[in-house]
Amino acid sequence: MSYADQKNPYASFQGTTFAISAGVSERTAFIRRTYAHLAGAVFAFMAIEVMIFQSLSEEALTRMAISMVSGWNWLLVLGAFFVVSLVADKWARSATSMPMQYVGLALYVVAQAVIFVPLLWFAQLKGGQSGQNIIGMAGLMTAVLFGGLTAVVFLTRADFSWLGKYLTLAALVALGFIICAVVFDLRLWDVFSGLMVALAAGYILYYTSNILHHYQLHQHVAASLALFASVALLFWYILQLLMSRD
């Protein structure tokens with residue numbers, strides 16, 4: 001294995017061509033499939049949220065949201081989500097089974113939809129009090145920022161894979177802060193949410209450049225899952241910032 005392959009986290013997958021080495025038509029088709037699956041994941045997420053909110057009463061939603069975020073329950077939810085994320089990512093990266101890739105993506109979308117319920121419910125309540133569509137504003141800001149970061153990568157064709165180890169370290173530090181906040185009943189300040197927005201932006205740059213340089217042509221499902229995770233993280237903390245405004 002060459003040094004370049006050792007640096008490439010997807011080099012162990014065999015049997016197809018990396019997007020960067022493929023012809024223009026094949027690479028274009030791969031990119032279109034990836035972003036079509038990302039759009040499908042986003043719409044599926046929205047549909048699940050609408051279904052949850054329409055099927056439960058306000059009282060039930062409030063009980064569910066408070067129960068999920070109360071004390072140690074939130075750590076259990078985060079722990080379960082982390083496990084589901086690992087399993088979903090493994091299935092989505094399956095080199096042999098396309099159905100398992102789709103199961104992984106679907107599992108991750110459902111898990112994200114469930115974990116977002118408390119935040120979206122509280123944002124809806126706050127928006128009703130202030131007369132603002134906080135969720136819509138956060139969605140628009142997320143879309144604009146994601147589009148801008150995507151354009152940077154595709155226009156410059158820069159390889160941001162070097163960000164990987166720094167993003168992992170930053171994510172571990174952020175997870176430590178979140179755990180401490182839950183255990184010691186601390187409020188994470190707005191600066192933390194701002195830093196998490198920056199972290200999500202870094203992940204979008206990282207995974208978007210990987211689509212150009214390091215994913216193989218059959219890994220469009222795994223690529224879309226990675227992008228969806230980054231977009232969800234970005235949306236979560238932009239929404240947090242908007243909710244923190246007086």
# chains A, B, ... in the order shown; residues from 1 in each chain; ligands from 1

call {"tool": "residues_around", "arguments": {"residues": "A:Val197", "least_positions_apart": "3", "cutoff": "7 Å", "atoms": "only C-alpha atoms", "output": "number ranges by chain"}}
result
A: 193-194, 200-201, 234, 237-238

call {"tool": "select_by_dssp", "arguments": {"residues": "stretch 14-66 of chain A", "states": "alpha helix (DSSP H)", "output": "count of residues only"}}
result
41

call {"tool": "closest_atom_pairs", "arguments": {"of": "stretch 33-131 of chain A", "to": "stretch 211-222 of chain A", "cutoff": "6 Å", "atoms": "only C-alpha atoms", "output": "CSV"}}
result
residue,atom,partner,partner_atom,distance
A:Thr34,CA,A:His220,CA,4.6
A:Ala92,CA,A:Ala222,CA,4.8
A:Arg93,CA,A:Ala222,CA,5.3

call {"tool": "closest_residue", "arguments": {"among": "A:Ala60, A:Val152, A:Val103, A:Met243", "to": "A:Gln129", "atoms": "only C-alpha atoms"}}
result
A:Met243

call {"tool": "residues_around", "arguments": {"residues": "A:Ala65", "least_positions_apart": "3", "cutoff": "10 Å", "atoms": "only C-alpha atoms", "output": "ChimeraX atom specification"}}
result
/A:59-62,68-70,115-122

call {"tool": "closest_residue", "arguments": {"among": "A:Leu169, A:Leu149, A:Ile179, A:Met98", "to": "A:Ser209", "atoms": "only C-alpha atoms"}}
result
A:Leu149

call {"tool": "residues_around", "arguments": {"residues": "A:Lys126", "least_positions_apart": "5", "cutoff": "12 Å", "atoms": "only C-alpha atoms", "output": "mmCIF file with N, CA and C atoms, in the first residue's frame"}}
result
data_model
loop_
_atom_site.group_PDB
_atom_site.id
_atom_site.type_symbol
_atom_site.label_atom_id
_atom_site.label_comp_id
_atom_site.auth_asym_id
_atom_site.auth_seq_id
_atom_site.Cartn_x
_atom_site.Cartn_y
_atom_site.Cartn_z
ATOM 1 N N LEU A 119 -35.453 19.653 20.748
ATOM 2 C CA LEU A 119 -34.986 20.960 20.292
ATOM 3 C C LEU A 119 -36.007 21.624 19.377
ATOM 4 N N LEU A 120 -36.573 20.874 18.440
ATOM 5 C CA LEU A 120 -37.548 21.443 17.524
ATOM 6 C C LEU A 120 -38.826 21.858 18.249
ATOM 7 N N TRP A 121 -39.237 21.079 19.247
ATOM 8 C CA TRP A 121 -40.452 21.409 19.992
ATOM 9 C C TRP A 121 -40.264 22.690 20.794
ATOM 10 N N GLY A 131 -43.248 35.237 17.796
ATOM 11 C CA GLY A 131 -43.819 35.553 16.499
ATOM 12 C C GLY A 131 -42.858 35.339 15.344
ATOM 13 N N GLN A 132 -41.794 34.591 15.573
ATOM 14 C CA GLN A 132 -40.803 34.340 14.538
ATOM 15 C C GLN A 132 -40.766 32.849 14.192
ATOM 16 N N ASN A 133 -40.470 32.560 12.952
ATOM 17 C CA ASN A 133 -40.292 31.177 12.514
ATOM 18 C C ASN A 133 -38.824 30.804 12.717
ATOM 19 N N ILE A 134 -38.474 30.462 13.947
ATOM 20 C CA ILE A 134 -37.073 30.188 14.281
ATOM 21 C C ILE A 134 -36.551 28.987 13.507
ATOM 22 N N ILE A 135 -37.374 27.953 13.393
ATOM 23 C CA ILE A 135 -36.942 26.746 12.690
ATOM 24 C C ILE A 135 -36.678 27.052 11.217
ATOM 25 N N LEU A 239 -29.717 26.581 15.221
ATOM 26 C CA LEU A 239 -31.003 26.676 15.915
ATOM 27 C C LEU A 239 -30.806 27.029 17.385
ATOM 28 N N GLN A 240 -29.800 26.441 18.007
ATOM 29 C CA GLN A 240 -29.480 26.770 19.406
ATOM 30 C C GLN A 240 -29.154 28.245 19.557
ATOM 31 N N LEU A 242 -30.068 30.773 17.601
ATOM 32 C CA LEU A 242 -31.262 31.586 17.389
ATOM 33 C C LEU A 242 -32.189 31.530 18.591
ATOM 34 N N MET A 243 -32.284 30.366 19.238
ATOM 35 C CA MET A 243 -33.147 30.227 20.401
ATOM 36 C C MET A 243 -32.609 30.983 21.622
ATOM 37 N N SER A 244 -31.289 31.196 21.645
ATOM 38 C CA SER A 244 -30.698 31.858 22.801
ATOM 39 C C SER A 244 -30.882 33.367 22.797
ATOM 40 N N ARG A 245 -31.362 33.890 21.664
ATOM 41 C CA ARG A 245 -31.574 35.327 21.591
ATOM 42 C C ARG A 245 -32.760 35.728 22.467
ATOM 43 N N ASP A 246 -32.647 36.849 23.098
ATOM 44 C CA ASP A 246 -33.756 37.357 23.929
ATOM 45 C C ASP A 246 -34.856 37.952 23.051
#

call {"tool": "atom_distance", "arguments": {"atom1": "atom CA of A:Trp236", "atom2": "atom CA of A:Val114"}}
result
12.9 Å

call {"tool": "residues_around", "arguments": {"residues": "A:Gly79", "least_positions_apart": "6", "cutoff": "12 Å", "atoms": "only C-alpha atoms", "output": "compact mmCIF listing (two decimals) with C-alpha atoms, in the first residue's frame"}}
result
# COMPACT_ATOMS: atom_id res chain seq x y z
CA TRP A 72 -29.02 11.61 32.93
CA ASN A 73 -31.69 10.76 30.38
CA SER A 85 -24.46 6.28 14.42
CA LEU A 86 -21.56 3.83 14.49
CA ALA A 111 -32.12 8.42 14.88
CA ILE A 115 -32.99 13.19 18.87
CA LEU A 175 -18.35 15.87 23.68
CA ILE A 178 -21.50 18.36 26.74
CA ILE A 179 -21.09 15.49 29.20

call {"tool": "residues_around", "arguments": {"residues": "stretch 40-44 of chain A", "least_positions_apart": "5", "cutoff": "8 Å", "atoms": "only C-alpha atoms", "output": "ChimeraX atom specification"}}
result
/A:105-106,109,228
